[in-house]
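What follows is the content of my_file.cif (mmCIF, C-alpha atoms).
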```cif
data_input
loop_
_atom_site.group_PDB
_atom_site.id
_atom_site.type_symbol
_atom_site.label_atom_id
_atom_site.label_comp_id
_atom_site.auth_asym_id
_atom_site.auth_seq_id
_atom_site.Cartn_x
_atom_site.Cartn_y
_atom_site.Cartn_z
ATOM 1 C CA MET V 18 50.598 81.076 44.610
ATOM 2 C CA SER V 19 51.903 82.189 47.952
ATOM 3 C CA ASP V 20 52.136 79.985 51.031
ATOM 4 C CA ASP V 21 48.794 81.267 52.317
ATOM 5 C CA GLY V 22 46.988 80.199 49.134
ATOM 6 C CA GLN V 23 46.550 83.769 47.840
ATOM 7 C CA ASP V 24 47.675 84.698 44.361
ATOM 8 C CA GLU V 25 50.539 87.142 44.586
ATOM 9 C CA LYS V 26 49.849 90.572 43.234
ATOM 10 C CA PRO V 27 51.890 91.838 40.276
ATOM 11 C CA PHE V 28 54.875 94.057 41.051
ATOM 12 C CA TRP V 29 53.153 97.253 39.855
ATOM 13 C CA GLN V 30 50.509 96.770 42.550
ATOM 14 C CA THR V 31 52.953 96.077 45.364
ATOM 15 C CA ARG V 32 55.891 98.383 44.654
ATOM 16 C CA SER V 33 56.062 102.109 44.298
ATOM 17 C CA LEU V 34 57.595 103.447 41.110
ATOM 18 C CA ALA V 35 60.720 104.343 43.102
ATOM 19 C CA GLN V 36 61.029 100.765 44.409
ATOM 20 C CA MET V 37 60.944 99.101 41.008
ATOM 21 C CA THR V 38 63.967 97.511 39.429
ATOM 22 C CA ARG V 39 65.156 98.908 36.107
ATOM 23 C CA GLU V 40 63.631 95.889 34.338
ATOM 24 C CA GLN V 41 60.270 96.417 36.049
ATOM 25 C CA TRP V 42 60.364 100.153 35.323
ATOM 26 C CA GLU V 43 61.111 99.592 31.638
ATOM 27 C CA SER V 44 58.338 96.976 31.349
ATOM 28 C CA LEU V 45 55.775 99.625 32.320
ATOM 29 C CA CYS V 46 56.119 101.220 28.897
ATOM 30 C CA ASP V 47 53.154 99.929 26.919
ATOM 31 C CA GLY V 48 54.696 100.764 23.550
ATOM 32 C CA CYS V 49 52.017 103.241 22.511
ATOM 33 C CA GLY V 50 54.487 105.827 21.186
ATOM 34 C CA ARG V 51 52.353 108.769 22.321
ATOM 35 C CA CYS V 52 55.125 110.343 24.379
ATOM 36 C CA CYS V 53 57.309 110.308 21.238
ATOM 37 C CA LEU V 54 55.089 112.730 19.351
ATOM 38 C CA ILE V 55 56.402 116.208 18.656
ATOM 39 C CA LYS V 56 54.799 118.796 20.913
ATOM 40 C CA LEU V 57 54.511 122.481 20.176
ATOM 41 C CA VAL V 58 54.221 125.308 22.701
ATOM 42 C CA ASP V 59 52.456 128.554 21.862
ATOM 43 C CA ASP V 60 54.963 131.334 22.558
ATOM 44 C CA LEU V 61 52.238 133.722 23.710
ATOM 45 C CA THR V 62 50.051 131.469 25.868
ATOM 46 C CA ASP V 63 52.445 128.637 26.804
ATOM 47 C CA GLU V 64 49.671 126.256 25.725
ATOM 48 C CA LEU V 65 50.948 122.815 24.762
ATOM 49 C CA TYR V 66 49.827 121.090 21.569
ATOM 50 C CA PHE V 67 50.434 117.528 20.487
ATOM 51 C CA THR V 68 50.988 116.809 16.823
ATOM 52 C CA ARG V 69 50.675 113.683 14.699
ATOM 53 C CA ILE V 70 54.391 113.931 13.991
ATOM 54 C CA ALA V 71 56.541 111.144 15.385
ATOM 55 C CA CYS V 72 60.089 111.687 16.603
ATOM 56 C CA ARG V 73 62.596 110.675 13.969
ATOM 57 C CA LEU V 74 63.696 107.738 16.132
ATOM 58 C CA LEU V 75 60.228 106.241 16.562
ATOM 59 C CA ASP V 76 59.505 103.099 14.573
ATOM 60 C CA CYS V 77 55.973 103.984 13.493
ATOM 61 C CA HIS V 78 54.915 100.327 13.251
ATOM 62 C CA SER V 79 56.293 98.885 16.500
ATOM 63 C CA CYS V 80 55.860 102.246 18.291
ATOM 64 C CA ARG V 81 59.251 101.757 19.936
ATOM 65 C CA CYS V 82 62.414 103.816 19.760
ATOM 66 C CA ARG V 83 64.799 102.608 17.067
ATOM 67 C CA ASP V 84 67.840 103.566 19.173
ATOM 68 C CA TYR V 85 66.619 103.652 22.772
ATOM 69 C CA GLU V 86 70.055 103.439 24.393
ATOM 70 C CA ASN V 87 71.430 106.392 22.404
ATOM 71 C CA ARG V 88 68.259 108.447 22.080
ATOM 72 C CA GLN V 89 69.452 111.394 24.164
ATOM 73 C CA THR V 90 72.586 111.752 22.087
ATOM 74 C CA MET V 91 70.559 111.743 18.883
ATOM 75 C CA VAL V 92 67.571 113.716 20.252
ATOM 76 C CA PRO V 93 68.907 115.894 23.086
ATOM 77 C CA ASP V 94 65.467 116.972 24.318
ATOM 78 C CA CYS V 95 64.219 113.379 24.655
ATOM 79 C CA VAL V 96 62.936 112.996 28.199
ATOM 80 C CA VAL V 97 64.298 110.281 30.455
ATOM 81 C CA LEU V 98 61.475 109.194 32.717
ATOM 82 C CA SER V 99 62.071 108.608 36.387
ATOM 83 C CA PRO V 100 59.822 108.732 39.452
ATOM 84 C CA GLU V 101 61.359 112.094 40.327
ATOM 85 C CA VAL V 102 60.303 113.839 37.105
ATOM 86 C CA LEU V 103 56.748 112.536 36.686
ATOM 87 C CA ASP V 104 55.238 115.558 38.459
ATOM 88 C CA LEU V 105 57.087 117.790 36.014
ATOM 89 C CA LEU V 106 55.573 116.122 32.940
ATOM 90 C CA PRO V 107 51.884 117.003 32.797
ATOM 91 C CA TRP V 108 51.963 116.296 29.048
ATOM 92 C CA MET V 109 52.362 112.563 29.571
ATOM 93 C CA PRO V 110 49.386 110.833 27.941
ATOM 94 C CA SER V 111 46.488 110.066 30.272
ATOM 95 C CA THR V 112 46.807 106.403 29.264
ATOM 96 C CA CYS V 113 50.509 106.163 30.196
ATOM 97 C CA ALA V 114 51.284 103.472 32.774
ATOM 98 C CA TYR V 115 53.863 105.666 34.498
ATOM 99 C CA ARG V 116 51.313 108.439 34.884
ATOM 100 C CA LEU V 117 48.492 106.094 35.914
ATOM 101 C CA LEU V 118 50.556 104.412 38.630
ATOM 102 C CA HIS V 119 51.947 107.760 39.796
ATOM 103 C CA GLU V 120 48.340 108.940 40.202
ATOM 104 C CA GLY V 121 47.339 105.746 42.063
ATOM 105 C CA LYS V 122 45.263 104.389 39.176
ATOM 106 C CA PRO V 123 45.259 100.840 37.761
ATOM 107 C CA LEU V 124 46.715 99.770 34.435
ATOM 108 C CA ALA V 125 44.219 99.360 31.601
ATOM 109 C CA TRP V 126 43.138 95.940 30.305
ATOM 110 C CA TRP V 127 45.096 96.459 27.090
ATOM 111 C CA HIS V 128 48.421 97.109 28.823
ATOM 112 C CA PRO V 129 50.800 94.262 27.888
ATOM 113 C CA LEU V 130 51.543 93.528 31.554
ATOM 114 C CA VAL V 131 47.820 92.988 32.154
ATOM 115 C CA SER V 132 46.844 91.334 28.872
ATOM 116 C CA GLY V 133 50.023 89.313 28.496
ATOM 117 C CA ARG V 134 50.276 90.412 24.852
ATOM 118 C CA PRO V 135 52.165 93.390 23.415
ATOM 119 C CA GLU V 136 49.692 93.731 20.524
ATOM 120 C CA THR V 137 46.710 94.705 22.703
ATOM 121 C CA VAL V 138 47.896 98.321 22.921
ATOM 122 C CA HIS V 139 47.584 98.478 19.128
ATOM 123 C CA GLU V 140 44.376 96.451 18.935
ATOM 124 C CA ALA V 141 42.737 98.816 21.437
ATOM 125 C CA GLY V 142 43.667 101.802 19.262
ATOM 126 C CA ILE V 143 45.804 103.359 21.992
ATOM 127 C CA SER V 144 49.075 103.373 20.079
ATOM 128 C CA VAL V 145 50.133 105.791 17.358
ATOM 129 C CA ARG V 146 50.433 102.974 14.813
ATOM 130 C CA GLY V 147 48.889 104.122 11.546
ATOM 131 C CA LYS V 148 48.088 107.584 12.926
ATOM 132 C CA VAL V 149 51.333 109.516 12.562
ATOM 133 C CA VAL V 150 53.775 110.952 10.057
ATOM 134 C CA ARG V 151 57.522 110.836 10.433
ATOM 135 C CA GLU V 152 59.309 113.988 11.587
ATOM 136 C CA GLN V 153 61.731 113.827 8.675
ATOM 137 C CA ASP V 154 58.770 113.972 6.235
ATOM 138 C CA VAL V 155 57.396 117.291 7.548
ATOM 139 C CA PRO V 156 59.012 120.652 6.778
ATOM 140 C CA THR V 157 59.484 122.734 9.915
ATOM 141 C CA ASP V 158 57.147 125.473 8.694
ATOM 142 C CA GLU V 159 54.351 122.889 8.359
ATOM 143 C CA LEU V 160 54.534 121.585 11.949
ATOM 144 C CA PRO V 161 51.471 123.576 13.116
ATOM 145 C CA ASP V 162 49.432 121.989 10.308
ATOM 146 C CA HIS V 163 49.762 118.657 12.119
ATOM 147 C CA ILE V 164 48.395 119.678 15.526
ATOM 148 C CA ASP V 165 46.064 116.996 16.808
ATOM 149 C CA ASN V 166 45.582 116.312 20.496
ATOM 150 C CA PHE V 167 44.525 112.670 20.065
ATOM 151 C CA ALA V 168 47.528 111.618 22.161
ATOM 152 C CA ARG V 169 46.421 113.315 25.355
#
```

As structure tokens, please, write out the structure in this file.
Amino acid sequence: MSDDGQDEKPFWQTRSLAQMTREQWESLCDGCGRCCLIKLVDDLTDELYFTRIACRLLDCHSCRCRDYENRQTMVPDCVVLSPEVLDLLPWMPSTCAYRLLHEGKPLAWWHPLVSGRPETVHEAGISVRGKVVREQDVPTDELPDHIDNFAR
């Protein structure tokens, strides 16, 4: 409690995304894995499609990157999130904490920072756990067969 008897608000309610420390920024990731799904773009219409295919680095059970620190070396088109690029990423899932806070919206009840438990993202059915196939298990010519926009 603060000196005036009021409970202090959590950092994500008092700091802008740009003001957060690296540790705070990283803790915003809820571990859903939705941003790690392969996306396809229609060459004719530029329409974006999500698939149920997980990046080869995604641990499909924990929904976390298996090599987070080296992900850009191993997957060159992996996006590094920062406050500066959020406007450029309209494909970020509508449930994403980075997107929600950027849009001035609150975190959901199942977000680990709110619930205090990392499993609530899975219990709420928000994560990709049990819903995806691994990239290495899908031949390139079969990618369109896995289009499914559940991750929006």

Residue IDs satisfying the PyMOL selection byres ((chain V and resi 121-130) around 9), as JSON, numbers by chain: {"V": [27, 29, 30, 44, 45, 46, 47, 48, 112, 113, 114, 116, 117, 118, 119, 120, 131, 132, 133, 134, 135, 136, 137, 138, 139, 140, 141, 143]}

Mind pulling up the distance from atom CA of V:Met91 to atom CA of V:Val58?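 About the pair atom CA of V:Val58 and atom CA of V:Met91: they are 21.6 Å apart.
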
Within 7 Å of file point (50.7, 109.2, 19.7), counting only C-alpha atoms, expressed as an mmCIF file with C-alpha atoms, keeping the file's coordinate frame:
```
data_model
loop_
_atom_site.group_PDB
_atom_site.id
_atom_site.type_symbol
_atom_site.label_atom_id
_atom_site.label_comp_id
_atom_site.auth_asym_id
_atom_site.auth_seq_id
_atom_site.Cartn_x
_atom_site.Cartn_y
_atom_site.Cartn_z
ATOM 1 C CA CYS V 49 52.017 103.241 22.511
ATOM 2 C CA GLY V 50 54.487 105.827 21.186
ATOM 3 C CA ARG V 51 52.353 108.769 22.321
ATOM 4 C CA CYS V 52 55.125 110.343 24.379
ATOM 5 C CA CYS V 53 57.309 110.308 21.238
ATOM 6 C CA LEU V 54 55.089 112.730 19.351
ATOM 7 C CA ARG V 69 50.675 113.683 14.699
ATOM 8 C CA SER V 144 49.075 103.373 20.079
ATOM 9 C CA VAL V 145 50.133 105.791 17.358
ATOM 10 C CA ALA V 168 47.528 111.618 22.161
#
```

For atom CA of V:Pro161 and atom CA of V:Tyr115, quote the distance in Å rounded to one decimal.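 Pair atom CA of V:Pro161 / atom CA of V:Tyr115 returns 28.0 Å.
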
Extract, using all atoms listed in the file, all DNA, RNA and protein residues at most 10 Å from V:Asp165, discarding same-chain residues fewer than 6 positions from it, and format them as a count of residues only. 6

Place N, CA and C atoms on stretch 114-142 of chain V and deliver the coordinates as an mmCIF file, in the frame of the given file.
```
data_model
loop_
_atom_site.group_PDB
_atom_site.id
_atom_site.type_symbol
_atom_site.label_atom_id
_atom_site.label_comp_id
_atom_site.auth_asym_id
_atom_site.auth_seq_id
_atom_site.Cartn_x
_atom_site.Cartn_y
_atom_site.Cartn_z
ATOM 1 N N ALA V 114 51.178 104.268 31.546
ATOM 2 C CA ALA V 114 51.284 103.472 32.774
ATOM 3 C C ALA V 114 52.046 104.217 33.868
ATOM 4 N N TYR V 115 53.095 104.921 33.503
ATOM 5 C CA TYR V 115 53.863 105.666 34.498
ATOM 6 C C TYR V 115 52.968 106.714 35.166
ATOM 7 N N ARG V 116 52.213 107.422 34.355
ATOM 8 C CA ARG V 116 51.313 108.439 34.884
ATOM 9 C C ARG V 116 50.198 107.804 35.718
ATOM 10 N N LEU V 117 49.581 106.757 35.189
ATOM 11 C CA LEU V 117 48.492 106.094 35.914
ATOM 12 C C LEU V 117 48.944 105.623 37.292
ATOM 13 N N LEU V 118 50.074 104.929 37.346
ATOM 14 C CA LEU V 118 50.556 104.412 38.630
ATOM 15 C C LEU V 118 50.966 105.551 39.560
ATOM 16 N N HIS V 119 51.567 106.587 39.002
ATOM 17 C CA HIS V 119 51.947 107.760 39.796
ATOM 18 C C HIS V 119 50.714 108.401 40.434
ATOM 19 N N GLU V 120 49.599 108.359 39.714
ATOM 20 C CA GLU V 120 48.340 108.940 40.202
ATOM 21 C C GLU V 120 47.511 107.945 41.018
ATOM 22 N N GLY V 121 48.046 106.741 41.265
ATOM 23 C CA GLY V 121 47.339 105.746 42.063
ATOM 24 C C GLY V 121 46.231 105.023 41.316
ATOM 25 N N LYS V 122 46.287 105.030 39.995
ATOM 26 C CA LYS V 122 45.263 104.389 39.176
ATOM 27 C C LYS V 122 45.768 103.046 38.648
ATOM 28 N N PRO V 123 44.846 102.156 38.279
ATOM 29 C CA PRO V 123 45.259 100.840 37.761
ATOM 30 C C PRO V 123 45.661 100.903 36.285
ATOM 31 N N LEU V 124 46.391 99.901 35.849
ATOM 32 C CA LEU V 124 46.715 99.770 34.435
ATOM 33 C C LEU V 124 45.464 99.320 33.683
ATOM 34 N N ALA V 125 45.368 99.721 32.437
ATOM 35 C CA ALA V 125 44.219 99.360 31.601
ATOM 36 C C ALA V 125 44.319 97.901 31.144
ATOM 37 N N TRP V 126 43.195 97.347 30.743
ATOM 38 C CA TRP V 126 43.138 95.940 30.305
ATOM 39 C C TRP V 126 44.061 95.650 29.129
ATOM 40 N N TRP V 127 44.294 96.657 28.289
ATOM 41 C CA TRP V 127 45.096 96.459 27.090
ATOM 42 C C TRP V 127 46.598 96.578 27.346
ATOM 43 N N HIS V 128 46.989 96.992 28.537
ATOM 44 C CA HIS V 128 48.421 97.109 28.823
ATOM 45 C C HIS V 128 49.045 95.719 28.726
ATOM 46 N N PRO V 129 50.172 95.585 28.049
ATOM 47 C CA PRO V 129 50.800 94.262 27.888
ATOM 48 C C PRO V 129 51.064 93.512 29.190
ATOM 49 N N LEU V 130 51.331 94.218 30.280
ATOM 50 C CA LEU V 130 51.543 93.528 31.554
ATOM 51 C C LEU V 130 50.248 92.913 32.075
ATOM 52 N N VAL V 131 49.115 93.497 31.721
ATOM 53 C CA VAL V 131 47.820 92.988 32.154
ATOM 54 C C VAL V 131 47.315 91.922 31.177
ATOM 55 N N SER V 132 47.386 92.242 29.892
ATOM 56 C CA SER V 132 46.844 91.334 28.872
ATOM 57 C C SER V 132 47.769 90.158 28.576
ATOM 58 N N GLY V 133 49.058 90.360 28.819
ATOM 59 C CA GLY V 133 50.023 89.313 28.496
ATOM 60 C C GLY V 133 50.439 89.322 27.031
ATOM 61 N N ARG V 134 49.971 90.335 26.277
ATOM 62 C CA ARG V 134 50.276 90.412 24.852
ATOM 63 C C ARG V 134 50.638 91.839 24.454
ATOM 64 N N PRO V 135 51.777 92.041 23.811
ATOM 65 C CA PRO V 135 52.165 93.390 23.415
ATOM 66 C C PRO V 135 51.260 94.009 22.343
ATOM 67 N N GLU V 136 50.534 93.211 21.603
ATOM 68 C CA GLU V 136 49.692 93.731 20.524
ATOM 69 C C GLU V 136 48.406 94.401 21.017
ATOM 70 N N THR V 137 47.997 94.151 22.257
ATOM 71 C CA THR V 137 46.710 94.705 22.703
ATOM 72 C C THR V 137 46.698 96.228 22.731
ATOM 73 N N VAL V 138 47.846 96.861 22.940
ATOM 74 C CA VAL V 138 47.896 98.321 22.921
ATOM 75 C C VAL V 138 47.540 98.839 21.523
ATOM 76 N N HIS V 139 47.901 98.094 20.505
ATOM 77 C CA HIS V 139 47.584 98.478 19.128
ATOM 78 C C HIS V 139 46.139 98.096 18.789
ATOM 79 N N GLU V 140 45.739 96.920 19.205
ATOM 80 C CA GLU V 140 44.376 96.451 18.935
ATOM 81 C C GLU V 140 43.329 97.364 19.580
ATOM 82 N N ALA V 141 43.660 97.923 20.725
ATOM 83 C CA ALA V 141 42.737 98.816 21.437
ATOM 84 C C ALA V 141 42.730 100.228 20.843
ATOM 85 N N GLY V 142 43.616 100.485 19.888
ATOM 86 C CA GLY V 142 43.667 101.802 19.262
ATOM 87 C C GLY V 142 44.366 102.849 20.102
#
```
